[in-house]
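J.: See target-v4.txt below, with compact mmCIF, C-alpha atoms and all ligand atoms.
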```txt
# COMPACT_ATOMS: atom_id res chain seq x y z
CA MET H 1 20.86 2.66 69.74
CA LYS H 2 19.89 0.57 66.70
CA LYS H 3 16.62 1.18 64.88
CA GLN H 4 14.65 -1.75 63.45
CA ILE H 5 13.62 -1.46 59.80
CA SER H 6 11.63 -3.81 57.58
CA PRO H 7 13.63 -6.66 55.99
CA GLY H 8 15.38 -5.86 52.72
CA ALA H 9 18.29 -7.07 50.59
CA LEU H 10 20.72 -4.64 52.22
CA LEU H 11 23.71 -6.88 52.86
CA SER H 12 26.59 -4.73 51.66
CA PRO H 13 29.03 -4.39 50.09
CA VAL H 14 28.72 -7.14 47.51
CA PRO H 15 30.53 -7.52 44.19
CA ALA H 16 28.64 -6.43 41.09
CA VAL H 17 29.58 -8.55 38.08
CA LEU H 18 28.87 -8.81 34.39
CA VAL H 19 27.23 -12.14 33.60
CA SER H 20 27.52 -13.12 29.95
CA CYS H 21 25.24 -15.68 28.35
CA GLY H 22 23.97 -16.84 24.96
CA THR H 23 26.66 -17.65 22.41
CA VAL H 24 29.73 -15.95 20.97
CA GLU H 25 27.70 -15.24 17.82
CA LYS H 26 24.64 -13.96 19.70
CA PRO H 27 25.84 -12.87 23.13
CA ASN H 28 24.09 -10.97 25.89
CA LEU H 29 25.11 -9.77 29.30
CA LEU H 30 23.48 -8.43 32.42
CA THR H 31 24.72 -6.91 35.63
CA VAL H 32 24.23 -9.08 38.70
CA ALA H 33 24.79 -8.08 42.29
CA TRP H 34 23.04 -11.05 43.89
CA VAL H 35 26.09 -13.23 43.34
CA GLY H 36 28.07 -15.28 45.81
CA THR H 37 30.50 -18.08 46.49
CA VAL H 38 28.63 -21.05 47.92
CA CYS H 39 31.15 -23.92 48.00
CA THR H 40 34.92 -24.42 47.88
CA HIS H 41 35.10 -28.06 46.65
CA PRO H 42 33.64 -28.26 44.08
CA ALA H 43 34.03 -24.54 43.41
CA MET H 44 30.48 -23.25 43.18
CA VAL H 45 28.77 -19.92 42.91
CA SER H 46 25.21 -18.67 42.84
CA ILE H 47 23.57 -15.91 40.85
CA SER H 48 19.97 -14.84 41.41
CA VAL H 49 18.13 -13.66 38.32
CA ARG H 50 14.55 -12.47 37.86
CA PRO H 51 12.63 -14.72 35.43
CA GLU H 52 11.51 -11.65 33.43
CA ARG H 53 15.09 -10.79 32.39
CA TYR H 54 15.92 -11.41 28.74
CA SER H 55 18.99 -13.30 29.97
CA TYR H 56 16.96 -15.68 32.16
CA PRO H 57 15.90 -18.21 29.47
CA LEU H 58 19.35 -17.94 27.83
CA ILE H 59 20.93 -19.12 31.07
CA LYS H 60 18.23 -21.63 31.97
CA GLU H 61 18.07 -23.33 28.58
CA SER H 62 21.83 -23.53 27.98
CA GLY H 63 22.67 -24.22 31.63
CA GLU H 64 25.75 -22.06 31.20
CA PHE H 65 26.97 -18.57 31.94
CA VAL H 66 30.18 -16.68 32.58
CA ILE H 67 30.80 -14.33 35.51
CA ASN H 68 33.14 -11.53 34.41
CA LEU H 69 34.83 -9.29 36.97
CA PRO H 70 34.87 -5.71 35.75
CA SER H 71 37.56 -3.23 36.74
CA GLU H 72 36.80 0.20 38.22
CA SER H 73 37.33 1.74 34.79
CA MET H 74 34.34 -0.31 33.54
CA VAL H 75 31.84 0.91 36.12
CA ARG H 76 29.74 2.85 33.56
CA THR H 77 29.52 -0.31 31.46
CA LEU H 78 28.56 -2.25 34.59
CA ASP H 79 25.73 0.17 35.28
CA PHE H 80 24.58 0.34 31.65
CA CYS H 81 24.30 -3.44 31.36
CA GLY H 82 22.07 -3.36 34.43
CA VAL H 83 19.61 -0.81 33.07
CA ARG H 84 19.29 -1.80 29.40
CA SER H 85 17.94 -5.10 28.11
CA GLY H 86 19.33 -7.39 25.44
CA ARG H 87 15.77 -7.57 24.13
CA ASN H 88 16.29 -4.29 22.30
CA THR H 89 19.96 -3.38 22.81
CA ASP H 90 23.14 -5.10 21.67
CA LYS H 91 25.02 -4.31 24.88
CA PHE H 92 28.30 -5.78 23.60
CA ALA H 93 28.20 -3.44 20.57
CA VAL H 94 27.04 -0.33 22.47
CA CYS H 95 29.66 -0.81 25.21
CA GLY H 96 32.48 -1.72 22.79
CA LEU H 97 32.91 -5.12 24.39
CA THR H 98 34.17 -8.29 22.71
CA ALA H 99 32.50 -11.68 23.14
CA VAL H 100 35.17 -14.39 23.10
CA PRO H 101 34.97 -18.17 23.57
CA ALA H 102 35.21 -19.25 27.20
CA ALA H 103 36.79 -22.47 28.45
CA GLY H 104 34.40 -25.41 28.86
CA VAL H 105 31.15 -23.56 28.12
CA SER H 106 29.35 -22.28 25.05
CA ALA H 107 28.50 -18.97 26.75
CA PRO H 108 30.97 -16.23 25.81
CA ALA H 109 33.37 -14.38 28.09
CA VAL H 110 33.90 -10.61 28.01
CA ALA H 111 37.43 -10.07 26.68
CA GLU H 112 37.77 -6.65 28.34
CA CYS H 113 37.14 -8.07 31.85
CA PRO H 114 40.41 -9.29 33.39
CA VAL H 115 38.89 -12.37 35.06
CA SER H 116 36.10 -14.70 33.89
CA PHE H 117 34.52 -17.63 35.73
CA CYS H 118 33.03 -20.21 33.36
CA CYS H 119 30.00 -21.77 35.04
CA LYS H 120 27.67 -24.74 34.49
CA VAL H 121 24.29 -24.67 36.21
CA LYS H 122 23.65 -27.54 38.63
CA GLU H 123 20.35 -26.45 40.12
CA VAL H 124 17.74 -23.72 39.72
CA ILE H 125 15.96 -22.75 42.92
CA PRO H 126 12.87 -20.52 42.65
CA LEU H 127 12.93 -18.19 45.65
CA GLY H 128 10.32 -15.53 44.91
CA SER H 129 11.28 -12.44 42.92
CA HIS H 130 14.48 -14.19 41.80
CA ASP H 131 15.49 -17.72 40.85
CA MET H 132 18.87 -18.78 42.15
CA PHE H 133 21.19 -20.57 39.72
CA LEU H 134 23.62 -22.77 41.63
CA ALA H 135 26.54 -23.40 39.33
CA GLU H 136 29.89 -25.12 39.30
CA ILE H 137 32.90 -23.14 38.13
CA VAL H 138 34.45 -25.35 35.45
CA ALA H 139 37.27 -22.96 34.50
CA ILE H 140 38.68 -19.56 35.41
CA GLU H 141 40.42 -17.35 32.88
CA ALA H 142 42.64 -14.58 34.24
CA GLU H 143 44.84 -12.09 32.42
CA GLU H 144 48.57 -12.79 32.62
CA TRP H 145 49.30 -9.34 34.09
CA LEU H 146 47.39 -10.35 37.22
CA PHE H 147 49.96 -12.99 38.13
CA GLU H 148 52.97 -12.15 40.26
CA GLU H 149 56.35 -13.85 39.72
CA SER H 150 55.55 -16.25 42.57
CA GLY H 151 52.46 -17.38 40.65
CA ARG H 152 50.11 -15.60 43.05
CA LEU H 153 46.95 -14.28 41.40
CA ALA H 154 46.87 -10.63 42.49
CA LEU H 155 43.15 -9.95 42.12
CA GLU H 156 43.60 -6.58 43.81
CA LYS H 157 45.33 -5.36 40.63
CA ILE H 158 41.96 -5.39 38.89
CA GLY H 159 40.62 -2.50 40.91
CA MET H 160 37.45 -4.33 41.85
CA VAL H 161 34.05 -2.72 42.25
CA ALA H 162 31.82 -3.06 45.31
CA TYR H 163 28.09 -2.38 45.25
CA ALA H 164 26.35 -1.09 48.37
CA HIS H 165 22.75 0.05 48.67
CA GLY H 166 22.41 1.34 45.12
CA GLU H 167 25.90 2.79 44.76
CA TYR H 168 29.25 1.67 43.34
CA PHE H 169 32.46 1.93 45.31
CA SER H 170 36.11 1.19 44.77
CA LEU H 171 37.58 -1.10 47.38
CA GLY H 172 40.01 1.31 49.06
CA GLU H 173 42.92 0.27 51.21
CA LYS H 174 43.89 -3.23 52.28
CA LEU H 175 43.09 -3.62 55.98
CA GLY H 176 44.62 -7.01 56.70
CA SER H 177 44.91 -10.53 55.37
CA PHE H 178 43.26 -13.84 56.26
CA GLY H 179 44.14 -14.86 59.82
CA TYR H 180 46.18 -11.75 60.61
CA SER H 181 44.29 -11.22 63.86
CA VAL H 182 45.86 -14.34 65.39
CA ARG H 183 49.11 -14.62 63.42
CA LYS H 184 52.32 -14.56 65.46
CA LYS H 185 54.94 -12.05 64.44
CA LYS H 186 58.04 -13.75 63.01
CA PRO H 187 60.69 -13.62 65.75
CA ALA H 188 63.78 -11.57 64.89
CA ALA H 189 66.62 -13.78 63.62
CA LYS H 190 69.10 -12.54 66.24
CA PRO H 191 70.05 -12.39 69.00
CA MET H 192 69.07 -15.74 70.57
CA PRO H 193 66.59 -15.04 73.39
CA SER H 194 67.90 -15.55 76.90
CA LYS H 195 65.70 -17.09 79.61
CA THR H 196 65.18 -13.68 81.25
CA GLN H 197 63.99 -12.01 77.99
CA LYS H 198 60.27 -11.33 77.44
CA LYS H 199 58.33 -13.26 74.78
CA PRO H 200 57.91 -11.39 71.47
CA GLU H 201 54.76 -9.27 71.51
CA GLN H 202 51.67 -10.97 70.04
CA PRO H 203 49.64 -9.11 67.42
CA ARG H 204 46.71 -7.37 69.07
CA PRO H 205 43.47 -8.75 67.67
CA PHE H 206 41.37 -6.01 66.10
CA SER H 207 44.17 -3.49 66.50
CA LYS H 208 43.38 0.17 65.92
CA LYS H 209 46.53 0.43 63.82
CA GLY H 210 45.88 2.04 60.45
CA PRO H 211 45.70 0.09 57.19
CA ALA H 212 48.78 -1.06 55.33
CA PRO H 213 49.93 1.32 52.58
CA ARG H 214 48.39 0.49 49.22
CA LYS H 215 50.64 -1.10 46.66
CA SER H 216 49.81 0.44 43.35
CA GLY H 217 51.41 0.79 39.95
CA HIS H 218 50.17 -1.91 37.60
CA LYS H 219 50.66 -1.34 33.89
CA LYS H 220 47.84 -0.24 31.55
CA PRO H 221 46.86 -3.61 30.11
CA VAL H 222 45.99 -4.52 26.55
CA HIS H 223 43.78 -7.56 26.05
CA LYS H 224 45.66 -10.44 24.37
CA LYS H 225 42.83 -11.96 22.30
CA SER H 226 41.09 -8.80 21.10
CA GLY H 227 44.18 -6.56 21.00
CA LYS H 228 41.96 -3.81 22.50
CA GLN H 229 42.93 -1.62 25.43
CA PHE H 230 40.90 -2.14 28.57
CA PRO H 231 38.22 0.54 28.57
CA GLY H 232 39.09 3.82 30.20
CA LYS H 233 36.71 6.12 32.04
CA GLY H 234 34.39 6.41 28.99
CA GLY H 235 31.89 3.69 28.19
CA PRO H 236 28.25 4.24 27.43
CA ARG H 237 26.74 7.51 28.60
C1 LIG I 1 24.09 -2.83 40.06
C2 LIG I 1 23.03 -3.71 39.50
C3 LIG I 1 22.84 -4.97 40.02
C4 LIG I 1 21.85 -5.82 39.50
N1 LIG I 1 21.69 -7.07 40.03
C5 LIG I 1 20.76 -7.90 39.53
C6 LIG I 1 20.61 -9.22 40.05
O1 LIG I 1 21.31 -9.64 40.95
N2 LIG I 1 19.67 -10.01 39.49
C7 LIG I 1 18.85 -9.60 38.47
O2 LIG I 1 17.98 -10.37 38.01
N3 LIG I 1 18.97 -8.35 37.97
C8 LIG I 1 19.91 -7.50 38.45
N4 LIG I 1 20.06 -6.25 37.95
C9 LIG I 1 19.17 -5.80 36.87
C10 LIG I 1 19.57 -6.38 35.51
O3 LIG I 1 20.96 -6.32 35.29
C11 LIG I 1 18.83 -5.57 34.42
O4 LIG I 1 17.44 -5.75 34.56
C12 LIG I 1 19.28 -5.89 33.01
O5 LIG I 1 18.79 -4.87 32.17
C13 LIG I 1 18.80 -7.24 32.52
O6 LIG I 1 19.30 -7.41 31.23
P1 LIG I 1 18.65 -8.42 30.18
O7 LIG I 1 17.18 -8.03 30.06
O8 LIG I 1 19.42 -8.17 28.92
O9 LIG I 1 18.80 -9.79 30.71
C14 LIG I 1 21.03 -5.37 38.43
C15 LIG I 1 21.22 -4.09 37.92
C16 LIG I 1 22.21 -3.27 38.43
C17 LIG I 1 22.42 -1.91 37.85
```
As structure tokens, what does this structure read like?

T.:
Amino acid sequence: MKKQISPGALLSPVPAVLVSCGTVEKPNLLTVAWVGTVCTHPAMVSISVRPERYSYPLIKESGEFVINLPSESMVRTLDFCGVRSGRNTDKFAVCGLTAVPAAGVSAPAVAECPVSFCCKVKEVIPLGSHDMFLAEIVAIEAEEWLFEESGRLALEKIGMVAYAHGEYFSLGEKLGSFGYSVRKKKPAAKPMPSKTQKKPEQPRPFSKKGPAPRKSGHKKPVHKKSGKQFPGKGGPR
């Protein structure tokens, strides 16, 4: 039996990202979990930021920010940037991060994050505790080692971080892929089916079959622009 509790922002898991703002010369960043994709064409995202954050006027006045996806190895940095303010802490310096120019915006990207979404604010919607910045993604920068030979962007290589009810999690095993619940199995090439043969079995929707084995083994990357290694388990303590 389900128990009713008072409404709260409990939707989980969500990504937790590092949002960089300001300029390359005077950068700041904050951790944001109230982030989401809101439109495919044009590609748009939202971030919700409390007006009292140091980053708030930097984003509002410039109309620009960059969403950086951290890897699991950066989870301490992710937490630190969410509990210290740029008002009195140079988070880039303390965390050993590098602010680099980002495509199409004056806000900097975080070199050590493998993927960065460069965003231009289209609308600011005051909601209550937070204001929502609706923004168009004008460019995406992704490390070369994330691309497979086919050109596919293998985001799973990042080792992405999920945030759920105050805690950070790694994503775990792949459970399926888009549309797999209705996808027909490819028929075997031979032999040709006779009229008396049964149809190939359809995939069972919501099968209890276990998850596919995880493909691992990506190389330890070194960032191209900064020449630095991607941060290991250390980070700010
Ligand atoms: C996991 C996590 C998620 C957070 N998500 C948000 C968020 O969505 N919006 C927000 O305004 N603050 C969020 N915060 C808090 C800010 O990141 C935090 O107040 C930060 O110190 C603000 O930095 P600034 O003062 O340099 O702008 C989050 C903090 C953590 C640790």

J.: Find the residues near ligand LIG 1 (chain I). Use a cut-off of 6 Å, count all atoms listed in the file, and write them as a count of residues only.

T.: 20

J.: Enter the distance from CA of Phe133 (chain H) to CA of Leu11 (chain H), in Å, rounded to one decimal.

T.: 19.1 Å

J.: CA of Ala111 (chain H) to CA of Ser71 (chain H): how many Å, to one decimal?

T.: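 Result for CA of Ala111 (chain H) versus CA of Ser71 (chain H): 12.2 Å, one decimal.
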
J.: Counting all atoms listed in the file, what is within 8 Å of Asn28 (chain H), bar same-chain residues fewer than 4 positions away, as an MDAnalysis selection string?

T.: chainID H and resid 20:23 55 86 90:92

J.: Could you state the separation of CA of Leu78 (chain H) and CA of Ala162 (chain H) in Å, given to one decimal place?

T.: 11.2 Å

J.: Considering all atoms listed in the file, return as a PyMOL selection string whatever protein or nucleic-acid residues lie within 12 Å of Ala154 (chain H), sequence-local ones (same chain, fewer than 3 positions apart) excluded.

T.: chain H and resi 114-115+142-151+157-160+215-216+218

J.: In terms of the shortest atom-to-atom distance over only C-alpha atoms, which of H:Leu69, H:Pro51, H:Thr89, H:Ser62 is closest to Ala109 (chain H)?

T.: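 The closest residue to Ala109 (chain H) is H:Leu69.
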
J.: For region 170-185 of chain H, what centre and edge lengths in Å (one decimal) does the axis-aligned box get once 8 Å is added on each side of all its listed atoms, as AutoDock Vina command-line options?

T.:
```
--center_x 45.5 --center_y -6.8 --center_z 55.1 --size_x 34.8 --size_y 32.2 --size_z 36.7
```

J.: Out of H:Arg87, H:Lys174, H:Lys2, H:Lys186, which residue has the shortest atom-to-atom distance to Pro57 (chain H) when counting all atoms listed in the file?

T.: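 Of the candidates, the smallest distance to Pro57 (chain H) is held by H:Arg87.
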
J.: Of the candidates H:Gly166, H:Pro101, H:Pro187, H:Gly176, which one gets nearest to Val24 (chain H) if we count all atoms listed in the file?

T.: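 Residue with the minimum atom-to-atom distance to Val24 (chain H): H:Pro101.
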
J.: Could you model N, CA and C atoms for region 130-143 of chain H and present them as a PDB file, in the coordinates of the input?

T.:
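Heads up, here's the output in out_38.pdb:
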```pdb
ATOM      1  N   HIS H 130      13.331 -13.684  42.558  1.00  0.00           N
ATOM      2  CA  HIS H 130      14.480 -14.190  41.800  1.00  0.00           C
ATOM      3  C   HIS H 130      14.541 -15.721  41.859  1.00  0.00           C
ATOM      4  N   ASP H 131      15.110 -16.304  40.814  1.00  0.00           N
ATOM      5  CA  ASP H 131      15.490 -17.720  40.850  1.00  0.00           C
ATOM      6  C   ASP H 131      17.001 -17.772  41.059  1.00  0.00           C
ATOM      7  N   MET H 132      17.426 -18.655  41.916  1.00  0.00           N
ATOM      8  CA  MET H 132      18.870 -18.780  42.150  1.00  0.00           C
ATOM      9  C   MET H 132      19.449 -19.905  41.291  1.00  0.00           C
ATOM     10  N   PHE H 133      20.461 -19.566  40.500  1.00  0.00           N
ATOM     11  CA  PHE H 133      21.190 -20.570  39.720  1.00  0.00           C
ATOM     12  C   PHE H 133      22.410 -20.979  40.533  1.00  0.00           C
ATOM     13  N   LEU H 134      22.426 -22.238  40.953  1.00  0.00           N
ATOM     14  CA  LEU H 134      23.620 -22.770  41.630  1.00  0.00           C
ATOM     15  C   LEU H 134      24.491 -23.387  40.549  1.00  0.00           C
ATOM     16  N   ALA H 135      25.721 -22.968  40.462  1.00  0.00           N
ATOM     17  CA  ALA H 135      26.540 -23.400  39.330  1.00  0.00           C
ATOM     18  C   ALA H 135      27.949 -23.774  39.766  1.00  0.00           C
ATOM     19  N   GLU H 136      28.503 -24.741  39.043  1.00  0.00           N
ATOM     20  CA  GLU H 136      29.890 -25.120  39.300  1.00  0.00           C
ATOM     21  C   GLU H 136      30.813 -24.315  38.397  1.00  0.00           C
ATOM     22  N   ILE H 137      31.900 -23.849  38.944  1.00  0.00           N
ATOM     23  CA  ILE H 137      32.900 -23.140  38.130  1.00  0.00           C
ATOM     24  C   ILE H 137      33.756 -24.213  37.464  1.00  0.00           C
ATOM     25  N   VAL H 138      33.690 -24.292  36.137  1.00  0.00           N
ATOM     26  CA  VAL H 138      34.450 -25.350  35.450  1.00  0.00           C
ATOM     27  C   VAL H 138      35.803 -24.839  34.973  1.00  0.00           C
ATOM     28  N   ALA H 139      35.965 -23.532  34.886  1.00  0.00           N
ATOM     29  CA  ALA H 139      37.270 -22.960  34.500  1.00  0.00           C
ATOM     30  C   ALA H 139      37.293 -21.488  34.903  1.00  0.00           C
ATOM     31  N   ILE H 140      38.502 -20.999  35.151  1.00  0.00           N
ATOM     32  CA  ILE H 140      38.680 -19.560  35.410  1.00  0.00           C
ATOM     33  C   ILE H 140      39.739 -19.053  34.453  1.00  0.00           C
ATOM     34  N   GLU H 141      39.446 -17.954  33.787  1.00  0.00           N
ATOM     35  CA  GLU H 141      40.420 -17.350  32.880  1.00  0.00           C
ATOM     36  C   GLU H 141      40.841 -16.009  33.459  1.00  0.00           C
ATOM     37  N   ALA H 142      42.141 -15.831  33.644  1.00  0.00           N
ATOM     38  CA  ALA H 142      42.640 -14.580  34.240  1.00  0.00           C
ATOM     39  C   ALA H 142      43.779 -14.036  33.393  1.00  0.00           C
ATOM     40  N   GLU H 143      43.797 -12.735  33.213  1.00  0.00           N
ATOM     41  CA  GLU H 143      44.840 -12.090  32.420  1.00  0.00           C
ATOM     42  C   GLU H 143      46.227 -12.339  33.030  1.00  0.00           C
TER      43      GLU H 143
END
```
